[in-house]
Amino acid sequence: MNYRGVIIEESLENKEVLNKVKIISTKVEQVTEKHKTPWVKQWTLHTVEISEEQAETIANEISESLDSQHSWYADFKNNKFHYIIFRDNIFRINRDNKEQYDEAKQHSISLGIPEYQVDFHPEVGEWER
């Protein structure tokens with residue numbers, strides 16, 4: 001099953017990886033104080049699709065391509081797994097495993113990524129459904 005996710009173009013030092021994924025849609029947001037990224041004027045959010053066969057390779061390429069001066073992450077998921085990608089770390093999370101999500105969330109926050117931007121982490125109530 002293919003993966004879907006979002007890559008913020010401005011988070012990438014090397015944008016070549018965007019040529020290796022299928023871009024489904026693109027949305028541009030003007031940066032506000034809430035974004036906590038005053039070094040860029042906008043976020044270009046590409047919704048992408050990645051084949052299951054390419055997922056590991058693309059995750060590694062994104063990790064190597066992310067901005068080395070600022071903390072960003074990219075993510076993509078299918079029904080079983082969720083890749084959460086940082087410059088220094090890649091989490092391949094079983095989507096049924098709350099502890100793995102907790103670990104990725106803590107890593108994000110330790111890098112200074114605002115908690116409200118760590119929206120990949122399911123809320124506690126979702127685990128009880």
# chains A, B, ... in the order shown; residues from 1 in each chain; ligands from 1
call {"tool": "select_by_dssp", "arguments": {"residues": "chain A", "states": "strand (DSSP E or B)", "output": "PDB file with C-alpha atoms, in the first residue's frame"}}
result
ATOM      1  CA  TYR A   3       2.234   6.097   1.566  1.00  0.00           C
ATOM      2  CA  ARG A   4       0.908   9.656   1.695  1.00  0.00           C
ATOM      3  CA  GLY A   5       2.312  12.618   3.539  1.00  0.00           C
ATOM      4  CA  VAL A   6       3.537  16.186   3.429  1.00  0.00           C
ATOM      5  CA  ILE A   7       6.947  17.613   2.636  1.00  0.00           C
ATOM      6  CA  ILE A   8       7.523  21.330   3.266  1.00  0.00           C
ATOM      7  CA  LEU A  12      14.845  20.973   2.406  1.00  0.00           C
ATOM      8  CA  LYS A  22       4.502  11.905  -6.822  1.00  0.00           C
ATOM      9  CA  ILE A  23       3.232  15.364  -5.826  1.00  0.00           C
ATOM     10  CA  ILE A  24      -0.545  15.170  -5.484  1.00  0.00           C
ATOM     11  CA  SER A  25      -1.198  18.768  -4.439  1.00  0.00           C
ATOM     12  CA  THR A  26       0.617  21.884  -3.287  1.00  0.00           C
ATOM     13  CA  LYS A  27      -0.511  24.548  -0.845  1.00  0.00           C
ATOM     14  CA  VAL A  28       1.374  27.729   0.046  1.00  0.00           C
ATOM     15  CA  GLU A  29       1.019  29.291   3.505  1.00  0.00           C
ATOM     16  CA  GLN A  30       2.434  32.668   4.402  1.00  0.00           C
ATOM     17  CA  GLN A  42       6.258  30.934   3.273  1.00  0.00           C
ATOM     18  CA  TRP A  43       5.710  27.214   3.641  1.00  0.00           C
ATOM     19  CA  THR A  44       5.144  25.314   0.402  1.00  0.00           C
ATOM     20  CA  LEU A  45       3.386  22.148   1.529  1.00  0.00           C
ATOM     21  CA  HIS A  46       3.538  19.319  -0.991  1.00  0.00           C
ATOM     22  CA  THR A  47       1.174  16.420  -0.383  1.00  0.00           C
ATOM     23  CA  VAL A  48       3.037  13.446  -1.792  1.00  0.00           C
ATOM     24  CA  GLU A  49       2.540   9.789  -2.570  1.00  0.00           C
ATOM     25  CA  ILE A  50       5.368   7.284  -2.197  1.00  0.00           C
ATOM     26  CA  LEU A  66      16.452  18.404   5.594  1.00  0.00           C
ATOM     27  CA  ALA A  74       8.512  15.358   7.252  1.00  0.00           C
ATOM     28  CA  ASP A  75       6.172  12.417   7.452  1.00  0.00           C
ATOM     29  CA  PHE A  76       4.227   9.949   5.380  1.00  0.00           C
ATOM     30  CA  LYS A  77       2.067   6.975   6.287  1.00  0.00           C
ATOM     31  CA  PHE A  81       3.254   2.285   9.186  1.00  0.00           C
ATOM     32  CA  HIS A  82       4.077   5.948   9.704  1.00  0.00           C
ATOM     33  CA  TYR A  83       7.502   7.348   8.810  1.00  0.00           C
ATOM     34  CA  ILE A  84       8.429  10.451  10.798  1.00  0.00           C
ATOM     35  CA  ILE A  85      11.669  11.850   9.458  1.00  0.00           C
ATOM     36  CA  ILE A  90      13.940   8.303  11.171  1.00  0.00           C
ATOM     37  CA  PHE A  91      11.059   6.728  13.059  1.00  0.00           C
ATOM     38  CA  ARG A  92       9.190   3.886  11.341  1.00  0.00           C
ATOM     39  CA  ILE A  93       6.179   3.572  13.591  1.00  0.00           C
ATOM     40  CA  ASN A  94       3.656   0.797  13.732  1.00  0.00           C
TER      41      ASN A  94
END
call {"tool": "residues_around", "arguments": {"residues": "Asp88 in chain A", "least_positions_apart": "4", "cutoff": "12 Å", "atoms": "only C-alpha atoms", "output": "list in words"}}
result
Ala59, Asn60, Glu61, Ile62, Ser63, Glu64, Ser65, Leu66, Asp67, Ser68, Gln69, His70, Ser71, Trp72, Tyr73, Ile84, His107, Ser108 and Leu111 of chain A
call {"tool": "write_last_selection", "arguments": {"atoms": "C-alpha atoms", "output": "short mmCIF file (atom, residue, chain, number, x, y, z; two decimals), in the first residue's frame"}}
result
data_model
loop_
_atom_site.label_atom_id
_atom_site.label_comp_id
_atom_site.auth_asym_id
_atom_site.auth_seq_id
_atom_site.Cartn_x
_atom_site.Cartn_y
_atom_site.Cartn_z
CA ALA A 59 12.83 8.46 4.02
CA ASN A 60 16.64 8.32 4.00
CA GLU A 61 16.88 10.89 1.20
CA ILE A 62 14.52 13.26 3.01
CA SER A 63 16.53 12.86 6.23
CA GLU A 64 19.75 13.74 4.40
CA SER A 65 18.05 16.66 2.60
CA LEU A 66 16.45 18.40 5.59
CA ASP A 67 17.78 21.79 6.68
CA SER A 68 20.91 21.36 8.80
CA GLN A 69 20.49 24.73 10.53
CA HIS A 70 16.89 24.41 11.76
CA SER A 71 14.73 21.59 13.10
CA TRP A 72 12.11 20.26 10.71
CA TYR A 73 10.39 16.97 10.11
CA ILE A 84 8.43 10.45 10.80
CA HIS A 107 12.26 13.69 20.00
CA SER A 108 10.43 16.47 18.12
CA LEU A 111 14.64 19.57 18.93
#
call {"tool": "closest_residue", "arguments": {"among": "A:Lys41, A:Lys36, A:Lys80, A:Arg95", "to": "Pro114 in chain A", "atoms": "only C-alpha atoms"}}
result
A:Lys36
call {"tool": "select_by_dssp", "arguments": {"residues": "range 9-49 of chain A", "states": "helix (DSSP H, G or I)", "output": "MDAnalysis selection string"}}
result
chainID A and resid 9:11 15:20 33:35
call {"tool": "write_last_selection", "arguments": {"atoms": "N, CA and C atoms", "output": "PDB file, in the first residue's frame"}}
result
ATOM      1  N   GLU A   9       8.609  22.237   1.317  1.00  0.00           N
ATOM      2  CA  GLU A   9       9.738  22.504   0.429  1.00  0.00           C
ATOM      3  C   GLU A   9      10.829  23.325   1.113  1.00  0.00           C
ATOM      4  N   GLU A  10      10.440  24.310   1.904  1.00  0.00           N
ATOM      5  CA  GLU A  10      11.410  25.184   2.565  1.00  0.00           C
ATOM      6  C   GLU A  10      12.231  24.457   3.637  1.00  0.00           C
ATOM      7  N   SER A  11      11.812  23.262   4.025  1.00  0.00           N
ATOM      8  CA  SER A  11      12.563  22.496   5.025  1.00  0.00           C
ATOM      9  C   SER A  11      13.755  21.774   4.411  1.00  0.00           C
ATOM     10  N   LYS A  15      16.497  19.936  -2.707  1.00  0.00           N
ATOM     11  CA  LYS A  15      15.108  19.685  -3.117  1.00  0.00           C
ATOM     12  C   LYS A  15      14.964  18.560  -4.151  1.00  0.00           C
ATOM     13  N   GLU A  16      16.063  17.902  -4.506  1.00  0.00           N
ATOM     14  CA  GLU A  16      16.029  16.839  -5.515  1.00  0.00           C
ATOM     15  C   GLU A  16      15.054  15.718  -5.174  1.00  0.00           C
ATOM     16  N   VAL A  17      14.862  15.441  -3.897  1.00  0.00           N
ATOM     17  CA  VAL A  17      13.977  14.356  -3.489  1.00  0.00           C
ATOM     18  C   VAL A  17      12.545  14.601  -3.981  1.00  0.00           C
ATOM     19  N   LEU A  18      12.177  15.861  -4.167  1.00  0.00           N
ATOM     20  CA  LEU A  18      10.822  16.167  -4.655  1.00  0.00           C
ATOM     21  C   LEU A  18      10.598  15.626  -6.069  1.00  0.00           C
ATOM     22  N   ASN A  19      11.683  15.436  -6.827  1.00  0.00           N
ATOM     23  CA  ASN A  19      11.566  14.871  -8.171  1.00  0.00           C
ATOM     24  C   ASN A  19      11.358  13.361  -8.147  1.00  0.00           C
ATOM     25  N   LYS A  20      11.500  12.745  -6.974  1.00  0.00           N
ATOM     26  CA  LYS A  20      11.429  11.290  -6.860  1.00  0.00           C
ATOM     27  C   LYS A  20      10.126  10.806  -6.228  1.00  0.00           C
ATOM     28  N   GLU A  33       3.888  34.442  12.927  1.00  0.00           N
ATOM     29  CA  GLU A  33       4.641  34.210  14.154  1.00  0.00           C
ATOM     30  C   GLU A  33       4.381  32.805  14.704  1.00  0.00           C
ATOM     31  N   LYS A  34       3.160  32.317  14.532  1.00  0.00           N
ATOM     32  CA  LYS A  34       2.780  30.998  15.031  1.00  0.00           C
ATOM     33  C   LYS A  34       3.632  29.875  14.418  1.00  0.00           C
ATOM     34  N   HIS A  35       4.086  30.043  13.181  1.00  0.00           N
ATOM     35  CA  HIS A  35       4.877  29.017  12.512  1.00  0.00           C
ATOM     36  C   HIS A  35       6.244  28.801  13.170  1.00  0.00           C
TER      37      HIS A  35
END
call {"tool": "residues_around", "arguments": {"residues": "Glu52 in chain A", "least_positions_apart": "6", "cutoff": "9 Å", "atoms": "only C-alpha atoms", "output": "list in words"}}
result
Met1, Asn2, Tyr3 and Asn78 of chain A
call {"tool": "atom_distance", "arguments": {"atom1": "CA of Ala104 in chain A", "atom2": "CA of Phe120 in chain A"}}
result
9.1 Å
call {"tool": "atom_distance", "arguments": {"atom1": "CA of Asn89 in chain A", "atom2": "CA of Glu13 in chain A"}}
result
16.4 Å
call {"tool": "atom_distance", "arguments": {"atom1": "CA of Asn97 in chain A", "atom2": "CA of Ile113 in chain A"}}
result
21.9 Å
